[in-house]
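S.K.: This is model-v9.txt, which holds compact mmCIF, C-alpha atoms:
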```txt
# COMPACT_ATOMS: atom_id res chain seq x y z
CA MET A 1 68.20 -97.76 -127.25
CA THR A 2 64.91 -96.43 -125.93
CA ASP A 3 64.86 -94.64 -122.58
CA ALA A 4 61.22 -95.56 -121.91
CA THR A 5 60.29 -96.82 -118.44
CA PRO A 6 60.43 -100.65 -118.29
CA LEU A 7 57.02 -102.27 -118.74
CA THR A 8 55.25 -103.40 -115.56
CA ASN A 9 52.21 -105.61 -115.10
CA ASP A 10 50.10 -102.51 -114.46
CA GLY A 11 51.45 -101.01 -117.65
CA LEU A 12 50.64 -104.19 -119.54
CA ALA A 13 47.11 -104.14 -118.13
CA GLN A 14 46.63 -100.55 -119.28
CA ILE A 15 47.76 -101.51 -122.78
CA LEU A 16 45.60 -104.65 -122.82
CA PHE A 17 42.55 -102.68 -121.73
CA GLY A 18 43.51 -99.49 -123.52
CA SER A 19 40.17 -99.24 -125.29
CA SER A 20 38.45 -99.48 -121.91
CA ALA A 21 40.69 -96.71 -120.56
CA PHE A 22 39.54 -94.44 -123.37
CA GLN A 23 35.90 -95.33 -122.72
CA ILE A 24 36.30 -94.27 -119.08
CA LEU A 25 37.73 -90.93 -120.18
CA ASN A 26 34.98 -90.60 -122.78
CA ALA A 27 32.26 -91.38 -120.22
CA GLY A 28 33.68 -88.79 -117.85
CA ARG A 29 33.44 -86.26 -120.65
CA ASN A 30 30.00 -87.27 -121.92
CA LEU A 31 28.46 -87.44 -118.45
CA GLY A 32 30.02 -84.17 -117.35
CA LEU A 33 32.06 -85.55 -114.44
CA PHE A 34 35.18 -83.46 -115.01
CA PRO A 35 33.42 -80.07 -115.40
CA LEU A 36 31.35 -80.93 -112.31
CA LEU A 37 34.45 -81.59 -110.19
CA HIS A 38 36.00 -78.42 -111.54
CA ARG A 39 33.02 -76.40 -110.38
CA ARG A 40 32.49 -78.30 -107.13
CA PRO A 41 35.64 -80.16 -106.07
CA GLY A 42 35.38 -82.65 -103.19
CA LEU A 43 31.92 -84.05 -103.95
CA THR A 44 31.09 -87.47 -102.49
CA PRO A 45 29.93 -90.35 -104.68
CA GLN A 46 26.34 -89.79 -103.54
CA GLU A 47 26.53 -86.11 -104.45
CA ILE A 48 28.10 -86.93 -107.82
CA GLY A 49 25.31 -89.42 -108.50
CA ARG A 50 22.65 -86.82 -107.79
CA GLU A 51 24.35 -84.19 -109.95
CA LEU A 52 24.90 -86.55 -112.89
CA ASP A 53 21.60 -88.42 -112.46
CA LEU A 54 23.40 -91.75 -112.05
CA ALA A 55 22.51 -94.66 -109.79
CA GLU A 56 24.94 -95.91 -107.13
CA ARG A 57 26.39 -98.78 -109.20
CA PRO A 58 27.28 -96.66 -112.29
CA VAL A 59 28.87 -94.00 -110.05
CA GLN A 60 31.03 -96.64 -108.39
CA ILE A 61 32.13 -98.02 -111.77
CA LEU A 62 32.87 -94.56 -113.17
CA LEU A 63 34.85 -93.34 -110.15
CA LEU A 64 36.78 -96.59 -109.86
CA GLY A 65 37.83 -96.16 -113.49
CA THR A 66 38.71 -92.47 -113.40
CA THR A 67 40.59 -92.76 -110.11
CA ALA A 68 42.52 -95.91 -111.03
CA LEU A 69 43.61 -94.17 -114.23
CA GLY A 70 44.64 -91.05 -112.33
CA LEU A 71 42.03 -88.82 -113.99
CA THR A 72 40.50 -88.15 -110.57
CA THR A 73 41.82 -88.37 -107.01
CA ARG A 74 40.09 -89.13 -103.70
CA GLN A 75 40.62 -87.41 -100.38
CA GLY A 76 38.54 -89.06 -97.68
CA ARG A 77 35.13 -89.43 -99.35
CA GLY A 78 35.59 -86.48 -101.68
CA TYR A 79 36.69 -86.63 -105.32
CA PHE A 80 38.78 -84.12 -107.28
CA ASN A 81 40.07 -83.77 -110.82
CA ALA A 82 43.71 -84.68 -111.36
CA ASP A 83 46.01 -81.66 -111.40
CA VAL A 84 46.68 -82.06 -115.12
CA LEU A 85 42.94 -81.89 -115.88
CA GLU A 86 42.45 -78.91 -113.59
CA GLY A 87 45.27 -77.25 -115.46
CA LYS A 88 43.27 -77.62 -118.70
CA PHE A 89 40.31 -75.83 -117.13
CA THR A 90 42.57 -73.11 -115.74
CA ASP A 91 44.34 -72.36 -119.03
CA GLY A 92 41.16 -72.64 -121.11
CA THR A 93 42.19 -75.73 -123.07
CA TRP A 94 39.63 -78.17 -121.63
CA GLU A 95 37.29 -77.48 -124.56
CA ILE A 96 40.14 -78.56 -126.85
CA ILE A 97 40.50 -81.84 -124.95
CA GLU A 98 36.73 -82.39 -125.23
CA ASP A 99 36.92 -81.96 -129.02
CA LEU A 100 39.84 -84.39 -129.22
CA ILE A 101 37.91 -86.99 -127.23
CA GLU A 102 34.90 -86.59 -129.54
CA TYR A 103 37.17 -86.89 -132.57
CA GLU A 104 38.61 -90.13 -131.24
CA GLU A 105 35.14 -91.46 -130.42
CA ARG A 106 33.38 -90.64 -133.68
CA ILE A 107 36.07 -90.77 -136.37
CA VAL A 108 39.20 -92.59 -135.15
CA ARG A 109 37.86 -95.43 -132.99
CA PRO A 110 35.52 -96.96 -135.63
CA ALA A 111 38.43 -97.14 -138.09
CA GLU A 112 41.11 -98.36 -135.67
CA VAL A 113 39.62 -101.86 -135.62
CA ASP A 114 41.21 -102.18 -139.07
CA PHE A 115 44.74 -101.38 -137.85
CA THR A 116 46.07 -104.93 -138.19
CA GLU A 117 44.59 -105.32 -141.67
CA SER A 118 45.96 -101.90 -142.64
CA LEU A 119 49.44 -103.14 -141.73
CA ARG A 120 48.93 -106.39 -143.66
CA GLN A 121 47.73 -104.60 -146.79
CA ASN A 122 50.01 -101.55 -146.36
CA THR A 123 47.11 -99.18 -146.94
CA ASN A 124 44.39 -97.32 -145.06
CA VAL A 125 41.83 -100.12 -144.76
CA GLY A 126 39.95 -98.19 -142.06
CA LEU A 127 38.77 -95.72 -144.70
CA ARG A 128 35.98 -98.20 -145.46
CA ARG A 129 34.32 -97.03 -142.22
CA ILE A 130 33.76 -93.59 -143.80
CA LYS A 131 31.01 -93.39 -146.41
CA GLY A 132 31.97 -92.15 -149.84
CA THR A 133 34.01 -92.96 -152.92
CA GLY A 134 37.28 -91.04 -152.45
CA THR A 135 40.56 -92.86 -151.88
CA ASP A 136 41.52 -90.65 -148.95
CA LEU A 137 39.68 -89.29 -145.92
CA TYR A 138 39.55 -85.70 -147.15
CA HIS A 139 37.78 -86.42 -150.44
CA ARG A 140 35.29 -88.66 -148.63
CA LEU A 141 34.57 -85.97 -146.08
CA SER A 142 33.73 -83.59 -148.92
CA GLU A 143 30.83 -85.95 -149.70
CA ASP A 144 29.44 -85.69 -146.15
CA PRO A 145 29.14 -82.01 -145.08
CA GLY A 146 28.06 -82.88 -141.53
CA LEU A 147 31.02 -85.16 -140.88
CA GLU A 148 33.31 -82.73 -142.66
CA GLN A 149 32.27 -79.94 -140.29
CA LEU A 150 32.91 -82.20 -137.28
CA PHE A 151 36.31 -83.17 -138.68
CA TYR A 152 37.48 -79.60 -139.25
CA ARG A 153 36.12 -78.44 -135.89
CA CYS A 154 38.17 -81.14 -134.20
CA MET A 155 41.18 -80.51 -136.44
CA ARG A 156 40.94 -76.89 -135.39
CA SER A 157 41.23 -78.01 -131.78
CA TRP A 158 44.25 -80.20 -132.60
CA SER A 159 45.79 -77.16 -134.27
CA ARG A 160 45.01 -74.90 -131.30
CA LEU A 161 46.85 -77.42 -129.13
CA SER A 162 49.97 -77.48 -131.31
CA ASN A 163 49.85 -74.03 -132.92
CA PRO A 164 51.92 -72.33 -130.22
CA VAL A 165 54.83 -74.38 -131.56
CA LEU A 166 54.16 -73.21 -135.12
CA VAL A 167 53.86 -69.57 -134.05
CA GLU A 168 57.00 -69.72 -131.89
CA ARG A 169 59.21 -71.70 -134.25
CA ALA A 170 58.17 -70.55 -137.75
CA ASP A 171 60.50 -67.64 -138.52
CA LEU A 172 58.78 -65.33 -141.01
CA THR A 173 61.37 -62.56 -140.79
CA GLY A 174 61.57 -60.88 -144.19
CA VAL A 175 58.66 -62.92 -145.60
CA ARG A 176 55.93 -61.02 -147.46
CA ARG A 177 53.45 -63.72 -148.54
CA VAL A 178 52.96 -67.30 -147.35
CA LEU A 179 51.22 -70.02 -149.36
CA ASP A 180 49.53 -72.42 -146.92
CA ILE A 181 49.23 -75.73 -148.78
CA GLY A 182 46.26 -77.83 -147.66
CA GLY A 183 45.48 -75.11 -145.14
CA GLY A 184 42.14 -76.56 -144.05
CA ASP A 185 39.84 -74.10 -142.33
CA GLY A 186 42.60 -71.50 -142.08
CA VAL A 187 43.50 -72.08 -138.44
CA ASN A 188 47.26 -72.04 -139.09
CA ALA A 189 47.18 -69.02 -141.39
CA ILE A 190 45.02 -67.15 -138.86
CA ALA A 191 47.40 -67.89 -135.98
CA LEU A 192 50.46 -66.88 -138.01
CA ALA A 193 48.77 -63.75 -139.37
CA GLN A 194 47.91 -62.62 -135.85
CA ALA A 195 51.52 -63.15 -134.77
CA ASN A 196 53.06 -61.58 -137.90
CA PRO A 197 51.10 -58.41 -138.75
CA GLY A 198 53.13 -57.54 -141.84
CA VAL A 199 52.68 -60.88 -143.62
CA GLU A 200 49.93 -61.94 -146.05
CA PHE A 201 48.68 -65.49 -146.58
CA THR A 202 46.92 -67.63 -149.17
CA VAL A 203 45.11 -70.79 -148.04
CA LEU A 204 45.05 -73.48 -150.75
CA ASP A 205 42.70 -76.44 -150.33
CA LEU A 206 39.68 -78.30 -151.72
CA PRO A 207 36.59 -76.25 -152.68
CA GLY A 208 34.39 -77.22 -149.72
CA THR A 209 37.22 -76.68 -147.29
CA VAL A 210 38.15 -73.19 -148.46
CA GLU A 211 34.55 -72.11 -147.98
CA ILE A 212 34.89 -73.07 -144.32
CA ALA A 213 38.21 -71.22 -144.23
CA ARG A 214 36.68 -68.10 -145.74
CA ARG A 215 34.07 -67.94 -142.98
CA LYS A 216 36.69 -68.39 -140.25
CA ILE A 217 38.94 -65.74 -141.76
CA ASP A 218 36.02 -63.30 -141.95
CA GLU A 219 35.16 -64.02 -138.30
CA HIS A 220 38.69 -62.99 -137.31
CA GLY A 221 38.61 -59.85 -139.43
CA LEU A 222 41.55 -61.00 -141.56
CA ALA A 223 39.99 -61.10 -145.03
CA GLY A 224 42.28 -58.27 -146.09
CA ARG A 225 45.41 -60.31 -145.33
CA ILE A 226 44.36 -63.94 -145.86
CA SER A 227 42.92 -65.04 -149.20
CA VAL A 228 41.65 -68.49 -150.13
CA ARG A 229 42.00 -70.45 -153.32
CA ALA A 230 40.34 -73.74 -154.25
CA ALA A 231 42.69 -76.29 -155.80
CA ASP A 232 43.85 -79.86 -155.75
CA ILE A 233 47.32 -79.59 -154.19
CA PHE A 234 48.68 -82.34 -156.45
CA ALA A 235 46.96 -81.63 -159.76
CA ASP A 236 46.74 -77.84 -159.88
CA PRO A 237 49.58 -75.31 -160.18
CA TYR A 238 50.49 -73.27 -157.12
CA PRO A 239 49.70 -69.56 -157.42
CA PRO A 240 52.75 -67.32 -157.90
CA GLY A 241 53.87 -64.38 -155.80
CA HIS A 242 54.73 -66.10 -152.53
CA ASP A 243 58.16 -66.18 -150.90
CA CYS A 244 57.31 -68.90 -148.36
CA VAL A 245 55.40 -72.16 -148.69
CA LEU A 246 53.95 -73.79 -145.58
CA PHE A 247 52.97 -77.44 -145.20
CA ALA A 248 51.22 -77.59 -141.82
CA ASN A 249 50.07 -81.06 -140.69
CA GLN A 250 50.09 -82.00 -144.37
CA LEU A 251 53.13 -84.13 -145.21
CA VAL A 252 52.18 -86.76 -142.60
CA ILE A 253 49.30 -87.65 -144.92
CA TRP A 254 51.18 -88.68 -148.04
CA SER A 255 53.84 -91.17 -149.14
CA PRO A 256 57.53 -90.19 -149.41
CA GLN A 257 57.19 -90.05 -153.19
CA GLU A 258 54.13 -87.80 -152.95
CA ASN A 259 55.88 -85.58 -150.42
CA VAL A 260 58.84 -85.10 -152.76
CA ARG A 261 56.37 -84.25 -155.51
CA LEU A 262 54.71 -81.60 -153.32
CA LEU A 263 58.06 -80.17 -152.27
CA ARG A 264 59.16 -79.95 -155.90
CA LYS A 265 55.99 -78.01 -156.70
CA ALA A 266 56.79 -75.69 -153.79
CA HIS A 267 60.36 -75.28 -155.07
CA ALA A 268 59.09 -74.38 -158.53
CA ALA A 269 56.66 -71.81 -157.13
CA LEU A 270 59.24 -70.03 -154.94
CA PRO A 271 61.79 -67.38 -155.97
CA ASP A 272 65.48 -67.87 -155.23
CA GLY A 273 65.95 -67.48 -151.49
CA GLY A 274 62.33 -68.48 -150.84
CA ARG A 275 61.62 -70.64 -147.83
CA VAL A 276 59.70 -73.85 -147.22
CA LEU A 277 58.33 -74.68 -143.76
CA VAL A 278 57.04 -78.07 -142.66
CA PHE A 279 55.10 -78.27 -139.41
CA ASN A 280 53.68 -81.41 -137.85
CA ALA A 281 54.37 -84.13 -135.29
CA MET A 282 57.77 -85.73 -135.75
CA SER A 283 59.17 -89.16 -134.96
CA ASP A 284 62.67 -89.55 -133.51
CA ASP A 285 65.42 -90.58 -135.92
CA SER A 286 66.13 -93.50 -133.58
CA GLY A 287 62.81 -95.07 -134.57
CA ASP A 288 61.72 -95.89 -131.01
CA GLY A 289 59.78 -92.83 -129.87
CA PRO A 290 58.20 -90.65 -128.78
CA LEU A 291 55.16 -92.47 -127.38
CA TYR A 292 52.76 -89.81 -128.69
CA ALA A 293 53.96 -90.38 -132.25
CA ALA A 294 53.81 -94.17 -131.86
CA LEU A 295 50.18 -94.11 -130.69
CA ASP A 296 49.03 -91.42 -133.11
CA ASN A 297 50.50 -93.48 -135.95
CA VAL A 298 47.70 -96.05 -135.47
CA TYR A 299 45.33 -93.39 -136.84
CA PHE A 300 47.68 -92.42 -139.66
CA ALA A 301 48.24 -96.03 -140.70
CA THR A 302 44.53 -96.82 -140.68
CA LEU A 303 42.52 -93.89 -142.00
CA PRO A 304 43.72 -90.66 -143.71
CA ALA A 305 45.44 -91.91 -146.88
CA ALA A 306 47.19 -95.00 -148.20
CA SER A 307 50.67 -94.06 -146.93
CA SER A 308 50.05 -91.66 -144.02
CA THR A 309 52.82 -91.77 -141.39
CA ILE A 310 54.43 -89.65 -138.71
CA TYR A 311 57.85 -89.42 -140.35
CA ARG A 312 61.29 -88.97 -138.82
CA TRP A 313 63.08 -85.63 -138.87
CA GLY A 314 65.81 -87.00 -141.12
CA GLN A 315 63.36 -88.06 -143.81
CA TYR A 316 62.30 -84.46 -144.36
CA GLU A 317 65.92 -83.44 -144.82
CA GLU A 318 66.31 -86.16 -147.48
CA TRP A 319 63.19 -84.96 -149.29
CA PHE A 320 64.29 -81.32 -149.14
CA ALA A 321 67.55 -82.25 -150.84
CA GLU A 322 65.77 -84.35 -153.48
CA ALA A 323 63.42 -81.44 -154.25
CA GLY A 324 66.31 -78.96 -154.57
CA PHE A 325 66.19 -77.19 -151.20
CA VAL A 326 69.26 -76.42 -149.10
CA LYS A 327 70.14 -75.33 -145.54
CA PRO A 328 67.64 -77.47 -143.62
CA GLU A 329 67.03 -76.44 -140.02
CA ARG A 330 65.26 -78.44 -137.30
CA LEU A 331 63.20 -76.49 -134.77
CA PRO A 332 61.66 -78.87 -132.18
CA GLY A 333 58.72 -77.53 -130.20
CA GLY A 334 59.78 -78.77 -126.79
CA ARG A 335 56.22 -79.41 -125.61
CA TRP A 336 54.25 -82.50 -124.58
CA THR A 337 53.26 -83.19 -128.18
CA PRO A 338 56.20 -83.93 -130.54
CA HIS A 339 55.39 -81.10 -132.96
CA GLY A 340 58.13 -79.12 -134.58
CA VAL A 341 59.10 -77.07 -137.61
CA ILE A 342 61.73 -78.00 -140.17
CA SER A 343 62.68 -75.43 -142.80
CA ALA A 344 64.86 -75.12 -145.89
CA VAL A 345 65.71 -72.57 -148.56
CA LYS A 346 65.58 -72.55 -152.37
```
Would you mind writing the structure in this file as structure tokens?

M.R.:
Amino acid sequence: MTDATPLTNDGLAQILFGSSAFQILNAGRNLGLFPLLHRRPGLTPQEIGRELDLAERPVQILLLGTTALGLTTRQGRGYFNADVLEGKFTDGTWEIIEDLIEYEERIVRPAEVDFTESLRQNTNVGLRRIKGTGTDLYHRLSEDPGLEQLFYRCMRSWSRLSNPVLVERADLTGVRRVLDIGGGDGVNAIALAQANPGVEFTVLDLPGTVEIARRKIDEHGLAGRISVRAADIFADPYPPGHDCVLFANQLVIWSPQENVRLLRKAHAALPDGGRVLVFNAMSDDSGDGPLYAALDNVYFATLPAASSTIYRWGQYEEWFAEAGFVKPERLPGGRWTPHGVISAVK
């Protein structure tokens, strides 16, 4: 049984017009409403119009939308950001939210129109919205450097949002070297290296991606502890000499069969006692939540790869056993996103 709040007519309206709700948020970002109210809380509609160079009618439409959705509040004639938005400015994460909105606008939204057809065909039909010839999003991005840079910038922001969970829950006690499979631009390896000074890392990913990673690693002064290696994570052997293999936001991309294949490769590359860590958003074993996972799964079903899914905790335990790992341990993050770490031992 789900413990979600019963659906109301207002809730149904927000679902029915969900795309419109996003467009209101997106307009507030693009027009600069939220940073304006952060700098100058309590502005009137007329003052907002002057600051944003908007006529009276557009200001009324924008403020009606943001206030009805709870993104802004009104006191008398003055408007303020919602507390949750102000909190993002205060803790420095508003720029992350802006990147996530841009990611939804430019990459996710065009593909989501194919969600129904993706379910019918049981594959990522929305990939047709991305130019290129690859059968998954990542190979197509490698054919479009501009879009690839946007993607990894936004993925970096997603990782910054969830990385505190990885850093807090990934126990690297006794680990000497970590192999970061599909490590992207190195954001996860960088965060873990900063939190674990005695540990070295290798980022393994596609050629174009590791070049981005190399630049980021150099910027953080970690080239002496984080190396990069270009490889296809399915076709190429994993480099030896690591006692931990990390799959961060990686196993949500592939099918169960492909995930077992990757885990078997990790098992073969590890010494006895070596550890595997899986970090990403998780779905409840009950199959009816959380809401974040349910909504994010529209993207996974539509775009990244043919079988992308936010899997349940228990599925990882089954795959660990099939690949030869033992002693699985669940480490939920306990934050507003359903990210967590699940580990096992060879």

S.K.: Just want the 6 Å neighbourhood of segment 185-194 of chain A, counted on only C-alpha atoms, with same-chain residues fewer than 3 positions away dropped. Output as a ChimeraX atom specification.

M.R.: /A:167,197,212-213

S.K.: Around the point (42.1, -82.3, -112.8) in the file's coordinates, collect all residues with an atom within 9 Å, using all atoms listed in the file, and return them as a list of chain:residue names.

M.R.: A:Phe34, A:Leu37, A:His38, A:Leu71, A:Thr72, A:Thr73, A:Phe80, A:Asn81, A:Ala82, A:Asp83, A:Val84, A:Leu85, A:Glu86, A:Gly87, A:Lys88, A:Phe89

S.K.: Take the residues from that selection and put them in a file with C-alpha atoms, as a compact mmCIF listing (two decimals), keeping the file's coordinate frame.

M.R.:
```
# COMPACT_ATOMS: atom_id res chain seq x y z
CA PHE A 34 35.18 -83.46 -115.01
CA LEU A 37 34.45 -81.59 -110.19
CA HIS A 38 36.00 -78.42 -111.54
CA LEU A 71 42.03 -88.82 -113.99
CA THR A 72 40.50 -88.15 -110.57
CA THR A 73 41.82 -88.37 -107.01
CA PHE A 80 38.78 -84.12 -107.28
CA ASN A 81 40.07 -83.77 -110.82
CA ALA A 82 43.71 -84.68 -111.36
CA ASP A 83 46.01 -81.66 -111.40
CA VAL A 84 46.68 -82.06 -115.12
CA LEU A 85 42.94 -81.89 -115.88
CA GLU A 86 42.45 -78.91 -113.59
CA GLY A 87 45.27 -77.25 -115.46
CA LYS A 88 43.27 -77.62 -118.70
CA PHE A 89 40.31 -75.83 -117.13
```

S.K.: Can you tell me, as a list in words, what residues are no more than 12 Å from Leu172 of chain A when counting only C-alpha atoms, ignoring any on the same chain fewer than 4 positions away?

M.R.: Leu166, Val167, Glu168, Arg176, Arg177, Val178, Leu192, Ala193, Ala195, Asn196, Pro197, Gly198, Val199, Glu200, Phe201, Asp243, Cys244, Val245, Leu246, Gly274, Arg275, Val276, Leu277 and Ser343 of chain A

S.K.: Can you spit out the residues from that selection as a compact mmCIF listing (two decimals), keeping the file's coordinate frame, using C-alpha atoms?

M.R.:
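Below is the file that was written, result27.txt:
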```txt
# COMPACT_ATOMS: atom_id res chain seq x y z
CA LEU A 166 54.16 -73.21 -135.12
CA VAL A 167 53.86 -69.57 -134.05
CA GLU A 168 57.00 -69.72 -131.89
CA ARG A 176 55.93 -61.02 -147.46
CA ARG A 177 53.45 -63.72 -148.54
CA VAL A 178 52.96 -67.30 -147.35
CA LEU A 192 50.46 -66.88 -138.01
CA ALA A 193 48.77 -63.75 -139.37
CA ALA A 195 51.52 -63.15 -134.77
CA ASN A 196 53.06 -61.58 -137.90
CA PRO A 197 51.10 -58.41 -138.75
CA GLY A 198 53.13 -57.54 -141.84
CA VAL A 199 52.68 -60.88 -143.62
CA GLU A 200 49.93 -61.94 -146.05
CA PHE A 201 48.68 -65.49 -146.58
CA ASP A 243 58.16 -66.18 -150.90
CA CYS A 244 57.31 -68.90 -148.36
CA VAL A 245 55.40 -72.16 -148.69
CA LEU A 246 53.95 -73.79 -145.58
CA GLY A 274 62.33 -68.48 -150.84
CA ARG A 275 61.62 -70.64 -147.83
CA VAL A 276 59.70 -73.85 -147.22
CA LEU A 277 58.33 -74.68 -143.76
CA SER A 343 62.68 -75.43 -142.80
```

S.K.: Have a look at atom CA of Arg128 of chain A and atom CA of Asp236 of chain A and let me know their distance in Å, one decimal.

M.R.: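 Atom CA of Asp236 of chain A lies 27.2 Å from atom CA of Arg128 of chain A.
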
S.K.: Fewer than 6 positions away in the same chain doesn't count, so skip those; otherwise give me all residues within 9 Å of segment 10-27 of chain A, counting all atoms listed in the file, as a PyMOL selection string.

M.R.: chain A and resi 33+62+65-66+69+71+98+101-102+105+109

S.K.: Kindly save the residues from that selection, with C-alpha atoms included, as a PDB file, in the frame of the given file.

M.R.:
```pdb
ATOM      1  CA  LEU A  33      32.060 -85.550-114.440  1.00  0.00           C
ATOM      2  CA  LEU A  62      32.870 -94.560-113.170  1.00  0.00           C
ATOM      3  CA  GLY A  65      37.830 -96.160-113.490  1.00  0.00           C
ATOM      4  CA  THR A  66      38.710 -92.470-113.400  1.00  0.00           C
ATOM      5  CA  LEU A  69      43.610 -94.170-114.230  1.00  0.00           C
ATOM      6  CA  LEU A  71      42.030 -88.820-113.990  1.00  0.00           C
ATOM      7  CA  GLU A  98      36.730 -82.390-125.230  1.00  0.00           C
ATOM      8  CA  ILE A 101      37.910 -86.990-127.230  1.00  0.00           C
ATOM      9  CA  GLU A 102      34.900 -86.590-129.540  1.00  0.00           C
ATOM     10  CA  GLU A 105      35.140 -91.460-130.420  1.00  0.00           C
ATOM     11  CA  ARG A 109      37.860 -95.430-132.990  1.00  0.00           C
TER      12      ARG A 109
END
```

S.K.: Would you compute the distance between atom CA of Gly49 of chain A and atom CA of Gly28 of chain A? Give it in Å to one decimal.

M.R.: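 Atom-to-atom, atom CA of Gly49 of chain A to atom CA of Gly28 of chain A, that is 12.6 Å.
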
S.K.: Fewer than 6 positions away in the same chain doesn't count, so skip those; otherwise give me all residues within 10 Å of Pro145 of chain A, counting only C-alpha atoms, as a list in words.

M.R.: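 Counting only C-alpha atoms, the residues come to Phe151, Gly208 and Thr209 of chain A.
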
S.K.: Next, dump the selected residues to file, keeping only C-alpha atoms, as a short mmCIF file (atom, residue, chain, number, x, y, z; two decimals), in the frame of the given file.

M.R.:
```
data_model
loop_
_atom_site.label_atom_id
_atom_site.label_comp_id
_atom_site.auth_asym_id
_atom_site.auth_seq_id
_atom_site.Cartn_x
_atom_site.Cartn_y
_atom_site.Cartn_z
CA PHE A 151 36.31 -83.17 -138.68
CA GLY A 208 34.39 -77.22 -149.72
CA THR A 209 37.22 -76.68 -147.29
#
```

S.K.: For Arg140 of chain A, work out the shell of residues within 12 Å, counting all atoms listed in the file and skipping chain neighbours fewer than 2 positions away, then give it as a list in words.

M.R.: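 Residues near the query, excluding close chain neighbours: Leu127, Arg128, Arg129, Ile130, Lys131, Gly132, Thr133, Gly134, Thr135, Asp136, Leu137, Tyr138, Ser142, Glu143, Asp144, Pro145, Gly146, Leu147, Glu148, Phe151, Leu206, Gly208, Leu303, Pro304 and Ala305 of chain A.
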
S.K.: To one decimal in Å, tell me the separation between atom CA of Tyr238 of chain A and atom CA of Thr123 of chain A.

M.R.: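 Result for atom CA of Tyr238 of chain A versus atom CA of Thr123 of chain A: 28.0 Å, one decimal.
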
S.K.: At most 8 Å from (46.3, -80.5, -140.5), file frame, only C-alpha atoms: which residues, as a PyMOL selection string?

M.R.: chain A and resi 155+159+182-184+248-250+280

S.K.: Quick one: write out the picked residues with C-alpha atoms as a compact mmCIF listing (two decimals), in the frame of the given file?

M.R.:
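Once everything was written out, this is result-v9.txt:
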```txt
# COMPACT_ATOMS: atom_id res chain seq x y z
CA MET A 155 41.18 -80.51 -136.44
CA SER A 159 45.79 -77.16 -134.27
CA GLY A 182 46.26 -77.83 -147.66
CA GLY A 183 45.48 -75.11 -145.14
CA GLY A 184 42.14 -76.56 -144.05
CA ALA A 248 51.22 -77.59 -141.82
CA ASN A 249 50.07 -81.06 -140.69
CA GLN A 250 50.09 -82.00 -144.37
CA ASN A 280 53.68 -81.41 -137.85
```

S.K.: With a cut-off of 10 Å, could you pull out the residues of segment 162-238 of chain A touching segment 263-271 of chain A and give me the nearest pair of atoms for each, distance in Å to one decimal, using only C-alpha atoms, ordered by chain and ascending number, as CSV?

M.R.:
```
residue,atom,partner,partner_atom,distance
A:Leu179,CA,A:Ala266,CA,9.1
A:Ile181,CA,A:Ala266,CA,9.1
A:Ile233,CA,A:Lys265,CA,9.2
A:Phe234,CA,A:Lys265,CA,8.5
A:Asp236,CA,A:Lys265,CA,9.8
A:Pro237,CA,A:Lys265,CA,7.8
A:Tyr238,CA,A:Ala269,CA,6.3
```

S.K.: Kindly indicate which residue among A:Asp272, A:Ala294, A:Glu318, A:Gly287 lies nearest to Lys346 of chain A, using all atoms listed in the file for the distances.

M.R.: A:Asp272

S.K.: Taking into account all atoms listed in the file, which residue in the set A:Gly76, A:Pro164, A:Gly126, A:Pro110 is nearest to Pro332 of chain A?

M.R.: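 So, comparing all the options, the nearest one is A:Pro164.
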
S.K.: Edge lengths and centre, in Å to one decimal, as AutoDock Vina command-line options: that's what I need for the box along x, y and z that holds all listed atoms of segment 177-188 of chain A plus 4 Å on each side.

M.R.:
```
--center_x 46.6 --center_y -70.8 --center_z -143.9 --size_x 21.6 --size_y 22.1 --size_z 18.9
```

S.K.: For a quick check of understanding, using all atoms listed in the file, which of A:Arg39, A:Leu161, A:Tyr79, A:Tyr152 has the smallest distance to Ile97 of chain A?

M.R.: A:Leu161

S.K.: My list of candidates is A:Leu100, A:Ala231, A:Val203, A:Ile253. Which is closest to Phe300 of chain A when distances are computed with all atoms listed in the file?

M.R.: A:Ile253

S.K.: Using only C-alpha atoms, which residue out of A:Arg106, A:Thr302, A:Ser227, A:Asp171 lies closest to Arg330 of chain A?

M.R.: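 Among A:Arg106, A:Thr302, A:Ser227, A:Asp171, it is A:Asp171 that comes nearest to Arg330 of chain A.
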